[in-house]
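Trainee: Please find work28.cif (mmCIF, C-alpha atoms) on the next line:
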data_run
loop_
_atom_site.group_PDB
_atom_site.id
_atom_site.type_symbol
_atom_site.label_atom_id
_atom_site.label_comp_id
_atom_site.auth_asym_id
_atom_site.auth_seq_id
_atom_site.Cartn_x
_atom_site.Cartn_y
_atom_site.Cartn_z
ATOM 1 C CA MET I 1 0.000 0.000 0.000
ATOM 2 C CA ASN I 2 1.393 3.392 -0.962
ATOM 3 C CA TYR I 3 0.885 6.157 1.591
ATOM 4 C CA GLY I 4 3.958 8.213 0.741
ATOM 5 C CA LYS I 5 5.493 9.778 3.826
ATOM 6 C CA TYR I 6 2.636 8.536 6.004
ATOM 7 C CA ALA I 7 2.392 5.293 7.946
ATOM 8 C CA VAL I 8 -0.459 2.994 6.971
ATOM 9 C CA PRO I 9 -3.308 3.972 9.328
ATOM 10 C CA GLU I 10 -4.164 1.407 11.996
ATOM 11 C CA THR I 11 -7.812 1.465 10.933
ATOM 12 C CA ILE I 12 -6.811 0.416 7.410
ATOM 13 C CA LYS I 13 -4.771 -2.451 8.850
ATOM 14 C CA GLU I 14 -7.798 -3.501 10.891
ATOM 15 C CA LEU I 15 -10.071 -3.218 7.851
ATOM 16 C CA LEU I 16 -7.806 -5.611 5.970
ATOM 17 C CA LYS I 17 -8.109 -8.099 8.836
ATOM 18 C CA PHE I 18 -11.859 -7.507 8.971
ATOM 19 C CA GLU I 19 -12.131 -8.206 5.259
ATOM 20 C CA GLN I 20 -10.641 -11.639 5.870
ATOM 21 C CA GLU I 21 -13.022 -12.223 8.786
ATOM 22 C CA LEU I 22 -15.952 -11.450 6.493
ATOM 23 C CA LYS I 23 -14.666 -13.920 3.907
ATOM 24 C CA GLU I 24 -14.434 -16.627 6.551
ATOM 25 C CA SER I 25 -18.126 -15.980 7.278
ATOM 26 C CA GLY I 26 -19.051 -16.172 3.607
ATOM 27 C CA LEU I 27 -19.432 -12.389 3.358
ATOM 28 C CA SER I 28 -17.720 -9.625 1.408
ATOM 29 C CA LEU I 29 -16.596 -6.071 2.173
ATOM 30 C CA ASP I 30 -17.403 -5.286 -1.453
ATOM 31 C CA PHE I 31 -20.799 -6.909 -2.037
ATOM 32 C CA HIS I 32 -22.234 -6.482 1.447
ATOM 33 C CA LEU I 33 -20.738 -3.164 2.605
ATOM 34 C CA GLY I 34 -19.886 -1.454 -0.688
ATOM 35 C CA LEU I 35 -16.141 -1.006 -0.141
ATOM 36 C CA ILE I 36 -13.245 -2.276 -2.238
ATOM 37 C CA LEU I 37 -9.960 -1.684 -0.440
ATOM 38 C CA GLN I 38 -7.208 -0.547 -2.805
ATOM 39 C CA ASP I 39 -3.710 -1.865 -2.226
ATOM 40 C CA GLU I 40 -2.225 -0.024 -5.200
ATOM 41 C CA ARG I 41 -1.935 3.624 -6.117
ATOM 42 C CA PHE I 42 -5.325 4.432 -7.554
ATOM 43 C CA ARG I 43 -5.948 7.853 -9.032
ATOM 44 C CA TYR I 44 -8.134 9.687 -11.513
ATOM 45 C CA ILE I 45 -7.545 13.059 -13.126
ATOM 46 C CA SER I 46 -10.077 14.544 -10.708
ATOM 47 C CA THR I 47 -8.344 13.081 -7.623
ATOM 48 C CA PRO I 48 -6.804 16.012 -5.698
ATOM 49 C CA PRO I 49 -3.006 15.756 -5.402
ATOM 50 C CA ASP I 50 -3.254 15.840 -1.603
ATOM 51 C CA VAL I 51 -5.734 12.970 -1.382
ATOM 52 C CA ILE I 52 -4.475 9.418 -0.753
ATOM 53 C CA PRO I 53 -7.100 6.923 -1.998
ATOM 54 C CA PHE I 54 -7.703 3.816 0.105
ATOM 55 C CA ALA I 55 -10.963 2.344 -1.239
ATOM 56 C CA SER I 56 -13.379 2.476 -4.149
ATOM 57 C CA ALA I 57 -17.082 1.832 -4.618
ATOM 58 C CA GLY I 58 -16.685 -0.303 -7.733
ATOM 59 C CA VAL I 59 -18.979 1.938 -9.788
ATOM 60 C CA ASP I 60 -18.386 5.069 -11.913
ATOM 61 C CA GLY I 61 -14.825 5.390 -10.635
ATOM 62 C CA ILE I 62 -16.055 6.570 -7.224
ATOM 63 C CA HIS I 63 -13.298 6.328 -4.645
ATOM 64 C CA TYR I 64 -12.446 7.495 -1.142
ATOM 65 C CA GLY I 65 -9.236 8.955 0.214
ATOM 66 C CA PHE I 66 -7.459 10.669 3.083
ATOM 67 C CA LEU I 67 -7.162 14.449 2.676
ATOM 68 C CA THR I 68 -3.662 15.457 3.788
ATOM 69 C CA ASP I 69 -4.272 19.184 3.247
ATOM 70 C CA PHE I 70 -1.056 19.432 1.247
ATOM 71 C CA GLY I 71 0.949 17.562 3.863
ATOM 72 C CA THR I 72 -0.185 19.513 6.936
ATOM 73 C CA VAL I 73 -1.989 16.521 8.467
ATOM 74 C CA SER I 74 0.313 14.618 10.821
ATOM 75 C CA ASP I 75 -1.797 11.473 11.343
ATOM 76 C CA LEU I 76 -4.065 9.988 8.675
ATOM 77 C CA GLU I 77 -6.322 8.580 11.394
ATOM 78 C CA GLN I 78 -7.411 12.193 11.948
ATOM 79 C CA ALA I 79 -7.576 13.229 8.287
ATOM 80 C CA TYR I 80 -10.816 14.123 6.537
ATOM 81 C CA ILE I 81 -12.160 11.490 4.163
ATOM 82 C CA VAL I 82 -12.965 12.754 0.682
ATOM 83 C CA CYS I 83 -15.260 11.206 -1.907
ATOM 84 C CA VAL I 84 -14.162 11.564 -5.545
ATOM 85 C CA SER I 85 -16.760 10.814 -8.226
ATOM 86 C CA PRO I 86 -15.145 11.352 -11.660
ATOM 87 C CA MET I 87 -18.456 11.047 -13.505
ATOM 88 C CA SER I 88 -20.221 13.726 -11.422
ATOM 89 C CA PHE I 89 -19.063 16.583 -13.619
ATOM 90 C CA GLY I 90 -19.011 19.832 -11.672
ATOM 91 C CA ASP I 91 -19.449 18.045 -8.343
ATOM 92 C CA GLU I 92 -16.623 15.536 -8.494
ATOM 93 C CA ILE I 93 -15.338 16.092 -4.954
ATOM 94 C CA TRP I 94 -16.989 16.336 -1.561
ATOM 95 C CA LEU I 95 -16.309 15.598 2.086
ATOM 96 C CA ALA I 96 -17.570 12.266 3.393
ATOM 97 C CA ALA I 97 -16.351 12.248 7.004
ATOM 98 C CA PRO I 98 -14.002 14.059 9.409
ATOM 99 C CA SER I 99 -11.979 10.868 10.041
ATOM 100 C CA ILE I 100 -11.690 7.242 8.978
ATOM 101 C CA HIS I 101 -13.648 6.040 12.029
ATOM 102 C CA GLU I 102 -16.460 8.464 11.222
ATOM 103 C CA PHE I 103 -16.345 7.204 7.641
ATOM 104 C CA LEU I 104 -17.111 3.708 8.916
ATOM 105 C CA ARG I 105 -20.071 5.148 10.815
ATOM 106 C CA VAL I 106 -21.368 6.450 7.476
ATOM 107 C CA VAL I 107 -20.831 3.041 5.854
ATOM 108 C CA TYR I 108 -22.774 1.428 8.675
ATOM 109 C CA THR I 109 -25.624 3.960 8.906
ATOM 110 C CA ASP I 110 -26.435 5.028 5.342
ATOM 111 C CA ASN I 111 -23.865 5.101 2.563
ATOM 112 C CA ILE I 112 -25.960 7.297 0.258
ATOM 113 C CA ILE I 113 -23.548 10.221 0.755
ATOM 114 C CA LEU I 114 -20.713 7.994 -0.452
ATOM 115 C CA TYR I 115 -22.314 7.743 -3.901
ATOM 116 C CA ASN I 116 -24.063 11.089 -4.297
ATOM 117 C CA HIS I 117 -23.138 14.701 -3.622
ATOM 118 C CA PHE I 118 -25.728 16.664 -1.659
ATOM 119 C CA ARG I 119 -25.145 20.407 -1.579
ATOM 120 C CA ASP I 120 -26.663 20.837 1.877
ATOM 121 C CA ALA I 121 -28.682 19.132 4.589
ATOM 122 C CA ASP I 122 -32.014 20.135 3.044
ATOM 123 C CA ASP I 123 -31.000 18.543 -0.256
ATOM 124 C CA LEU I 124 -30.237 15.259 1.504
ATOM 125 C CA ARG I 125 -33.333 15.480 3.683
ATOM 126 C CA GLU I 126 -35.553 15.878 0.616
ATOM 127 C CA TYR I 127 -33.866 12.913 -1.057
ATOM 128 C CA ILE I 128 -34.378 10.698 2.000
ATOM 129 C CA GLN I 129 -38.043 11.656 2.204
ATOM 130 C CA GLN I 130 -38.677 10.847 -1.453
ATOM 131 C CA ARG I 131 -36.647 7.690 -1.959
ATOM 132 C CA GLU I 132 -38.299 4.325 -1.937
ATOM 133 C CA ALA I 133 -37.804 2.070 1.042
ATOM 134 C CA GLU I 134 -34.679 -0.055 0.748
ATOM 135 C CA TYR I 135 -34.125 -3.356 2.490
ATOM 136 C CA ASP I 136 -30.728 -4.881 3.179
ATOM 137 C CA SER I 137 -30.260 -8.573 2.555
ATOM 138 C CA GLU I 138 -29.666 -10.773 5.578
ATOM 139 C CA GLU I 139 -26.026 -11.048 4.488
ATOM 140 C CA SER I 140 -25.653 -7.252 4.434
ATOM 141 C CA ARG I 141 -27.267 -6.943 7.855
ATOM 142 C CA GLN I 142 -24.880 -9.552 9.212
ATOM 143 C CA ALA I 143 -21.880 -7.748 7.682
ATOM 144 C CA LYS I 144 -23.063 -4.487 9.256
ATOM 145 C CA ARG I 145 -23.437 -6.147 12.647
ATOM 146 C CA MET I 146 -19.895 -7.478 12.374
ATOM 147 C CA LEU I 147 -18.628 -4.026 11.327
ATOM 148 C CA GLN I 148 -20.373 -2.396 14.281
ATOM 149 C CA GLU I 149 -18.942 -4.858 16.778
ATOM 150 C CA ARG I 150 -15.445 -4.870 15.283
ATOM 151 C CA PHE I 151 -15.033 -1.069 15.230
ATOM 152 C CA ALA I 152 -17.323 -0.025 18.117
ATOM 153 C CA ILE I 153 -19.553 1.977 15.789
ATOM 154 C CA GLU I 154 -22.394 4.170 16.976
ATOM 155 C CA PRO I 155 -25.070 4.772 14.313
ATOM 156 C CA ILE I 156 -25.492 8.325 13.024
ATOM 157 C CA PRO I 157 -28.954 9.392 14.232
ATOM 158 C CA ASP I 158 -29.517 12.196 11.701
ATOM 159 C CA MET I 159 -27.571 12.054 8.441
ATOM 160 C CA PRO I 160 -28.640 15.520 7.155
ATOM 161 C CA ALA I 161 -27.535 17.066 10.457
ATOM 162 C CA TYR I 162 -24.313 15.075 10.179
ATOM 163 C CA ILE I 163 -23.324 16.529 6.798
ATOM 164 C CA GLU I 164 -24.360 20.000 7.968
ATOM 165 C CA GLU I 165 -22.011 19.744 10.947
ATOM 166 C CA LEU I 166 -19.281 18.317 8.715
ATOM 167 C CA GLY I 167 -19.498 21.329 6.399
ATOM 168 C CA ARG I 168 -19.575 23.768 9.317
ATOM 169 C CA LYS I 169 -16.502 22.189 10.912
ATOM 170 C CA ARG I 170 -14.528 22.348 7.683
ATOM 171 C CA ALA I 171 -15.582 25.940 6.993
ATOM 172 C CA GLU I 172 -14.136 26.987 10.352
ATOM 173 C CA GLU I 173 -10.780 25.407 9.534
ATOM 174 C CA ILE I 174 -10.074 26.604 6.010
ATOM 175 C CA GLY I 175 -8.194 29.777 5.179
ATOM 176 C CA LEU I 176 -9.490 30.162 1.621
ATOM 177 C CA THR I 177 -12.566 28.726 -0.043
ATOM 178 C CA THR I 178 -12.390 26.922 -3.378
ATOM 179 C CA LYS I 179 -14.865 25.674 -5.974
ATOM 180 C CA SER I 180 -14.913 22.289 -4.264
ATOM 181 C CA PRO I 181 -15.949 22.067 -0.588
ATOM 182 C CA LEU I 182 -12.367 21.256 0.409
ATOM 183 C CA GLY I 183 -10.880 24.742 0.523
ATOM 184 C CA VAL I 184 -7.294 25.142 1.702
ATOM 185 C CA VAL I 185 -6.018 25.409 5.268
ATOM 186 C CA ARG I 186 -3.220 27.640 6.515
ATOM 187 C CA TRP I 187 0.193 26.063 6.820
ATOM 188 C CA SER I 188 1.004 28.537 9.574
ATOM 189 C CA PRO I 189 -0.686 31.491 11.322
ATOM 190 C CA ASP I 190 1.421 33.761 9.105
ATOM 191 C CA ASP I 191 -0.177 32.529 5.877
ATOM 192 C CA SER I 192 -1.969 35.427 4.229
ATOM 193 C CA VAL I 193 -5.572 34.986 3.132
ATOM 194 C CA ASP I 194 -5.480 38.327 1.341
ATOM 195 C CA GLY I 195 -4.018 39.290 -1.992
ATOM 196 C CA VAL I 196 -4.454 38.160 -5.557
ATOM 197 C CA ARG I 197 -6.658 35.191 -6.507
ATOM 198 C CA LEU I 198 -6.959 33.480 -9.870
ATOM 199 C CA ILE I 199 -10.154 31.502 -10.385
ATOM 200 C CA PRO I 200 -9.536 29.290 -13.437
ATOM 201 C CA ASP I 201 -12.092 29.301 -16.233
ATOM 202 C CA ALA I 202 -12.203 28.877 -20.009
ATOM 203 C CA SER I 203 -10.243 32.113 -20.526
ATOM 204 C CA THR I 204 -7.334 31.188 -18.239
ATOM 205 C CA ASP I 205 -4.130 30.940 -20.272
ATOM 206 C CA LEU I 206 -0.492 30.077 -19.694
ATOM 207 C CA GLU I 207 0.720 33.654 -19.235
ATOM 208 C CA SER I 208 -1.968 34.555 -16.713
ATOM 209 C CA VAL I 209 -1.057 31.474 -14.679
ATOM 210 C CA ARG I 210 2.652 32.240 -14.913
ATOM 211 C CA HIS I 211 2.120 35.831 -13.768
ATOM 212 C CA PHE I 212 -0.164 34.717 -10.939
ATOM 213 C CA LEU I 213 2.257 32.110 -9.582
ATOM 214 C CA MET I 214 5.047 34.697 -9.544
ATOM 215 C CA LYS I 215 3.033 37.177 -7.448
ATOM 216 C CA ALA I 216 0.563 35.199 -5.342
ATOM 217 C CA PRO I 217 1.007 34.169 -1.691
ATOM 218 C CA ARG I 218 1.231 30.472 -0.893
ATOM 219 C CA LEU I 219 -2.379 29.962 0.162
ATOM 220 C CA SER I 220 -3.706 31.562 -3.030
ATOM 221 C CA LYS I 221 -1.482 29.279 -5.090
ATOM 222 C CA LEU I 222 -2.815 26.185 -3.343
ATOM 223 C CA ALA I 223 -6.394 27.374 -3.861
ATOM 224 C CA PHE I 224 -5.686 27.852 -7.571
ATOM 225 C CA ILE I 225 -4.175 24.372 -7.853
ATOM 226 C CA ARG I 226 -7.242 22.867 -6.213
ATOM 227 C CA ASP I 227 -9.579 24.865 -8.463
ATOM 228 C CA ALA I 228 -7.640 24.123 -11.651
ATOM 229 C CA GLN I 229 -8.720 20.479 -11.570
ATOM 230 C CA THR I 230 -12.416 21.360 -11.763
ATOM 231 C CA PRO I 231 -12.545 22.811 -15.324
ATOM 232 C CA GLN I 232 -9.881 20.300 -16.445
ATOM 233 C CA LEU I 233 -7.451 23.139 -17.125
ATOM 234 C CA LEU I 234 -4.569 20.886 -16.098
ATOM 235 C CA TYR I 235 -5.687 18.217 -18.554
ATOM 236 C CA ASP I 236 -6.286 20.578 -21.460
ATOM 237 C CA ASP I 237 -3.021 22.510 -21.106
ATOM 238 C CA PRO I 238 0.101 20.444 -20.290
ATOM 239 C CA GLU I 239 2.191 23.628 -20.069
ATOM 240 C CA VAL I 240 -0.015 24.967 -17.290
ATOM 241 C CA ARG I 241 0.266 21.591 -15.581
ATOM 242 C CA LYS I 242 4.056 21.826 -15.748
ATOM 243 C CA LEU I 243 3.962 25.288 -14.166
ATOM 244 C CA VAL I 244 1.763 23.937 -11.380
ATOM 245 C CA THR I 245 4.007 20.890 -10.934
ATOM 246 C CA ASP I 246 7.111 23.065 -10.666
ATOM 247 C CA GLU I 247 5.360 25.301 -8.136
ATOM 248 C CA LEU I 248 4.404 22.309 -5.983
ATOM 249 C CA VAL I 249 8.025 21.147 -5.994
ATOM 250 C CA HIS I 250 9.181 24.680 -5.149
ATOM 251 C CA MET I 251 6.847 24.651 -2.114
ATOM 252 C CA GLY I 252 8.334 21.343 -0.953
ATOM 253 C CA LEU I 253 5.350 19.275 -2.102
ATOM 254 C CA GLU I 254 7.217 16.724 -4.207
ATOM 255 C CA GLU I 255 4.824 13.857 -3.428
ATOM 256 C CA GLU I 256 1.825 15.961 -4.390
ATOM 257 C CA ALA I 257 3.568 16.929 -7.638
ATOM 258 C CA VAL I 258 4.056 13.257 -8.497
ATOM 259 C CA GLN I 259 0.490 12.366 -7.533
ATOM 260 C CA LEU I 260 -0.902 15.186 -9.649
ATOM 261 C CA ASN I 261 0.841 13.885 -12.763
ATOM 262 C CA ILE I 262 0.348 10.117 -12.463
ATOM 263 C CA PRO I 263 -3.090 9.904 -14.145
ATOM 264 C CA PHE I 264 -2.279 12.550 -16.754
ATOM 265 C CA GLU I 265 0.798 10.676 -17.908
ATOM 266 C CA GLU I 266 -1.177 7.461 -18.227
ATOM 267 C CA VAL I 267 -3.964 9.166 -20.182
ATOM 268 C CA GLU I 268 -1.476 10.739 -22.572
ATOM 269 C CA SER I 269 0.363 7.460 -23.078
ATOM 270 C CA TYR I 270 -2.880 5.625 -23.782
ATOM 271 C CA SER I 271 -4.071 8.386 -26.121
ATOM 272 C CA GLN I 272 -0.885 8.096 -28.161
ATOM 273 C CA GLN I 273 -1.340 4.333 -28.438
ATOM 274 C CA MET I 274 -4.940 4.704 -29.601
ATOM 275 C CA ALA I 275 -4.416 7.685 -31.934
ATOM 276 C CA PRO I 276 -3.599 5.604 -35.049
ATOM 277 C CA GLN I 277 -6.827 3.657 -34.594
ATOM 278 C CA TYR I 278 -9.247 6.295 -33.297
ATOM 279 C CA GLY I 279 -7.627 9.644 -34.068
ATOM 280 C CA GLU I 280 -7.132 12.318 -31.429
ATOM 281 C CA SER I 281 -8.272 10.977 -28.067
ATOM 282 C CA THR I 282 -10.298 13.093 -25.711
ATOM 283 C CA LEU I 283 -10.084 10.674 -22.796
ATOM 284 C CA SER I 284 -10.302 12.502 -19.504
ATOM 285 C CA ILE I 285 -11.205 9.720 -17.080
ATOM 286 C CA LEU I 286 -8.726 6.939 -16.485
ATOM 287 C CA THR I 287 -7.330 5.078 -13.506
ATOM 288 C CA TRP I 288 -3.695 4.343 -12.886
ATOM 289 C CA SER I 289 -2.219 1.585 -10.755
ATOM 290 C CA ASP I 290 1.237 0.295 -9.945
ATOM 291 C CA GLU I 291 0.563 -2.555 -12.379
ATOM 292 C CA GLU I 292 -0.182 0.031 -15.094
ATOM 293 C CA SER I 293 -3.561 -1.541 -15.763
ATOM 294 C CA LEU I 294 -6.301 0.408 -17.463
ATOM 295 C CA GLU I 295 -9.757 0.160 -15.912
#
Rewrite the structure of this file - the entire thing - as structure tokens.

Mentor:
Amino acid sequence: MNYGKYAVPETIKELLKFEQELKESGLSLDFHLGLILQDERFRYISTPPDVIPFASAGVDGIHYGFLTDFGTVSDLEQAYIVCVSPMSFGDEIWLAAPSIHEFLRVVYTDNIILYNHFRDADDLREYIQQREAEYDSEESRQAKRMLQERFAIEPIPDMPAYIEELGRKRAEEIGLTTKSPLGVVRWSPDDSVDGVRLIPDASTDLESVRHFLMKAPRLSKLAFIRDAQTPQLLYDDPEVRKLVTDELVHMGLEEEAVQLNIPFEEVESYSQQMAPQYGESTLSILTWSDEESLE
């Protein structure tokens, strides 16, 4: 498992053991709880460079990862868990839980927020009121009971209130807002939240990015990097991506620079292979793994 500078979280180690316990009972973490643990590097173009994926849903590329906040998190057990849904264009990224243990509470209680982005508590509340009744199979109920006992899980009594509190907590911590709900946190109390901002859109070009990165304070740069993934600016313009990569390295974020580029390099390699057969490729969604397999 590849966690970069971080130790593998104890909860992940326990989940791997729990997965085996489920198998011995004729159950599956995948089929009965909706989680596929990933033991390889697993990234999409929309995966933020400071997110370390640990599991996927097995549908539409949806995956879950630890948010390191550009390396400021010291212990992944306490890191936010982010949901990345590459097919949810415009809403690819949202917060799922404030920690890995809380994430398991979501899995146990109602995993609807692990597949769908709800903009606020009212949005989720309306969905819950309108959806048809769902019934877990006996196998799923047994798997949930085992999960609850194994990880001492308390059910979440009010899921809309839960996501409302999650958003409020994150809003209090961030220094600058971004297009996604993640925002960016200060590295130190001295980090300025004032000054120039560049919000990427269709008119953003190489020179404007170059000028911005020369003048902007650190927090504004990180906010731009987070925002630049949303309109696929980094995919459409490799030169902008190189500027961003160099800036990450300059800020001491070498791992994030590598993680940013992994899926792009694989997409470009695959596009070149397919070009003689299909012409110019416009692929923008592709996974990458240590085994260099395409999914």

Trainee: Write out, as JSON lines, each residue of range 74-135 of chain I that has an atom at most 12 Å from range 14-17 of chain I, together with the closest pair of atoms and their distance in Å to one decimal, counting all atoms listed in the file, rows going by chain and rising number.

Mentor:
{"residue": "I:Ile100", "atom": "CA", "partner": "I:Leu15", "partner_atom": "CA", "distance": 10.6}
{"residue": "I:His101", "atom": "CA", "partner": "I:Leu15", "partner_atom": "CA", "distance": 10.8}
{"residue": "I:Leu104", "atom": "CA", "partner": "I:Leu15", "partner_atom": "CA", "distance": 9.9}

Trainee: Output C-alpha atoms for every residue in the selection just made, as a compact mmCIF listing (two decimals), keeping the file's coordinate frame.

Mentor:
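For reference, part_36.txt as written:
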# COMPACT_ATOMS: atom_id res chain seq x y z
CA ILE I 100 -11.69 7.24 8.98
CA HIS I 101 -13.65 6.04 12.03
CA LEU I 104 -17.11 3.71 8.92

Trainee: Neighbours of range 85-94 of chain I within 9 Å (all atoms listed in the file; same-chain residues fewer than 5 positions away dropped), as a list of chain:residue names?

Mentor: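 What passes the distance filter is I:Tyr44, I:Ile45, I:Ser46, I:Thr47, I:Pro48, I:Asp60, I:Gly61, I:Ile62, I:His63, I:Tyr64, I:Tyr115, I:Asn116, I:His117, I:Phe118, I:Ser180, I:Pro181, I:Leu182, I:Thr230, I:Pro231, I:Ile285.
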
Trainee: Using only C-alpha atoms, tabulate the residues of range 25-136 of chain I lying at most 10 Å from any atom of range 185-189 of chain I, each with its closest atom pair and that distance in Å to one decimal, by chain and increasing residue number, as a Markdown table.

Mentor:
| residue | atom | partner | partner_atom | distance |
| --- | --- | --- | --- | --- |
| I:Asp69 | CA | I:Val185 | CA | 6.8 |
| I:Phe70 | CA | I:Val185 | CA | 8.7 |
| I:Gly71 | CA | I:Trp187 | CA | 9.0 |
| I:Thr72 | CA | I:Trp187 | CA | 6.6 |
| I:Val73 | CA | I:Trp187 | CA | 9.9 |

Trainee: How about saving the chosen residues, C-alpha atoms kept, as a CSV table (one decimal), in the coordinates of the input?

Mentor:
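Wrote part-v5.csv, looks like this:
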chain,number,residue,atom,x,y,z
I,69,ASP,CA,-4.3,19.2,3.2
I,70,PHE,CA,-1.1,19.4,1.2
I,71,GLY,CA,0.9,17.6,3.9
I,72,THR,CA,-0.2,19.5,6.9
I,73,VAL,CA,-2.0,16.5,8.5

Trainee: Is there a way to get, as a short mmCIF file (atom, residue, chain, number, x, y, z; two decimals) with C-alpha atoms, in the coordinates of the input, all residues within 10 Å of the point (-23.1, -11.8, 5.5) in file coordinates, counting only C-alpha atoms?

Mentor:
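Below you can see result.cif, which holds the result:
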data_model
loop_
_atom_site.label_atom_id
_atom_site.label_comp_id
_atom_site.auth_asym_id
_atom_site.auth_seq_id
_atom_site.Cartn_x
_atom_site.Cartn_y
_atom_site.Cartn_z
CA LEU I 22 -15.95 -11.45 6.49
CA LYS I 23 -14.67 -13.92 3.91
CA GLU I 24 -14.43 -16.63 6.55
CA SER I 25 -18.13 -15.98 7.28
CA GLY I 26 -19.05 -16.17 3.61
CA LEU I 27 -19.43 -12.39 3.36
CA SER I 28 -17.72 -9.62 1.41
CA LEU I 29 -16.60 -6.07 2.17
CA PHE I 31 -20.80 -6.91 -2.04
CA HIS I 32 -22.23 -6.48 1.45
CA LEU I 33 -20.74 -3.16 2.60
CA SER I 137 -30.26 -8.57 2.56
CA GLU I 138 -29.67 -10.77 5.58
CA GLU I 139 -26.03 -11.05 4.49
CA SER I 140 -25.65 -7.25 4.43
CA ARG I 141 -27.27 -6.94 7.86
CA GLN I 142 -24.88 -9.55 9.21
CA ALA I 143 -21.88 -7.75 7.68
CA LYS I 144 -23.06 -4.49 9.26
CA ARG I 145 -23.44 -6.15 12.65
CA MET I 146 -19.90 -7.48 12.37
#

Trainee: Could you expand the PyMOL selection byres ((chain I and resi 174) around 10) into the explicit residues it covers here, written as a ChimeraX atom specification?

Mentor: /I:69,169-173,175-178,181-186,193

Trainee: Those residues with C-alpha atoms, as a compact mmCIF listing (two decimals), in the frame of the given file please?

Mentor:
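Result saved to out_35.txt:
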# COMPACT_ATOMS: atom_id res chain seq x y z
CA ASP I 69 -4.27 19.18 3.25
CA LYS I 169 -16.50 22.19 10.91
CA ARG I 170 -14.53 22.35 7.68
CA ALA I 171 -15.58 25.94 6.99
CA GLU I 172 -14.14 26.99 10.35
CA GLU I 173 -10.78 25.41 9.53
CA GLY I 175 -8.19 29.78 5.18
CA LEU I 176 -9.49 30.16 1.62
CA THR I 177 -12.57 28.73 -0.04
CA THR I 178 -12.39 26.92 -3.38
CA PRO I 181 -15.95 22.07 -0.59
CA LEU I 182 -12.37 21.26 0.41
CA GLY I 183 -10.88 24.74 0.52
CA VAL I 184 -7.29 25.14 1.70
CA VAL I 185 -6.02 25.41 5.27
CA ARG I 186 -3.22 27.64 6.52
CA VAL I 193 -5.57 34.99 3.13

Trainee: Could you rebuild range 211-222 of chain I with N, CA and C atoms and give it back as an mmCIF file, in the coordinates of the input?

Mentor:
data_model
loop_
_atom_site.group_PDB
_atom_site.id
_atom_site.type_symbol
_atom_site.label_atom_id
_atom_site.label_comp_id
_atom_site.auth_asym_id
_atom_site.auth_seq_id
_atom_site.Cartn_x
_atom_site.Cartn_y
_atom_site.Cartn_z
ATOM 1 N N HIS I 211 2.075 34.561 -14.489
ATOM 2 C CA HIS I 211 2.120 35.831 -13.768
ATOM 3 C C HIS I 211 1.557 35.660 -12.357
ATOM 4 N N PHE I 212 0.463 34.934 -12.244
ATOM 5 C CA PHE I 212 -0.164 34.717 -10.939
ATOM 6 C C PHE I 212 0.772 33.982 -9.990
ATOM 7 N N LEU I 213 1.391 32.906 -10.448
ATOM 8 C CA LEU I 213 2.257 32.110 -9.582
ATOM 9 C C LEU I 213 3.490 32.882 -9.140
ATOM 10 N N MET I 214 3.906 33.864 -9.923
ATOM 11 C CA MET I 214 5.047 34.697 -9.544
ATOM 12 C C MET I 214 4.692 35.665 -8.420
ATOM 13 N N LYS I 215 3.426 36.104 -8.361
ATOM 14 C CA LYS I 215 3.033 37.177 -7.448
ATOM 15 C C LYS I 215 2.244 36.702 -6.232
ATOM 16 N N ALA I 216 1.553 35.589 -6.350
ATOM 17 C CA ALA I 216 0.563 35.199 -5.342
ATOM 18 C C ALA I 216 1.204 34.637 -4.074
ATOM 19 N N PRO I 217 0.558 34.838 -2.917
ATOM 20 C CA PRO I 217 1.007 34.169 -1.691
ATOM 21 C C PRO I 217 0.698 32.676 -1.754
ATOM 22 N N ARG I 218 1.305 31.933 -0.848
ATOM 23 C CA ARG I 218 1.231 30.472 -0.893
ATOM 24 C C ARG I 218 -0.202 29.941 -0.855
ATOM 25 N N LEU I 219 -1.023 30.478 0.023
ATOM 26 C CA LEU I 219 -2.379 29.962 0.162
ATOM 27 C C LEU I 219 -3.189 30.156 -1.116
ATOM 28 N N SER I 220 -3.004 31.303 -1.769
ATOM 29 C CA SER I 220 -3.706 31.562 -3.030
ATOM 30 C C SER I 220 -3.261 30.586 -4.112
ATOM 31 N N LYS I 221 -1.984 30.246 -4.112
ATOM 32 C CA LYS I 221 -1.482 29.279 -5.090
ATOM 33 C C LYS I 221 -2.132 27.909 -4.882
ATOM 34 N N LEU I 222 -2.213 27.486 -3.626
ATOM 35 C CA LEU I 222 -2.815 26.185 -3.343
ATOM 36 C C LEU I 222 -4.297 26.171 -3.714
#
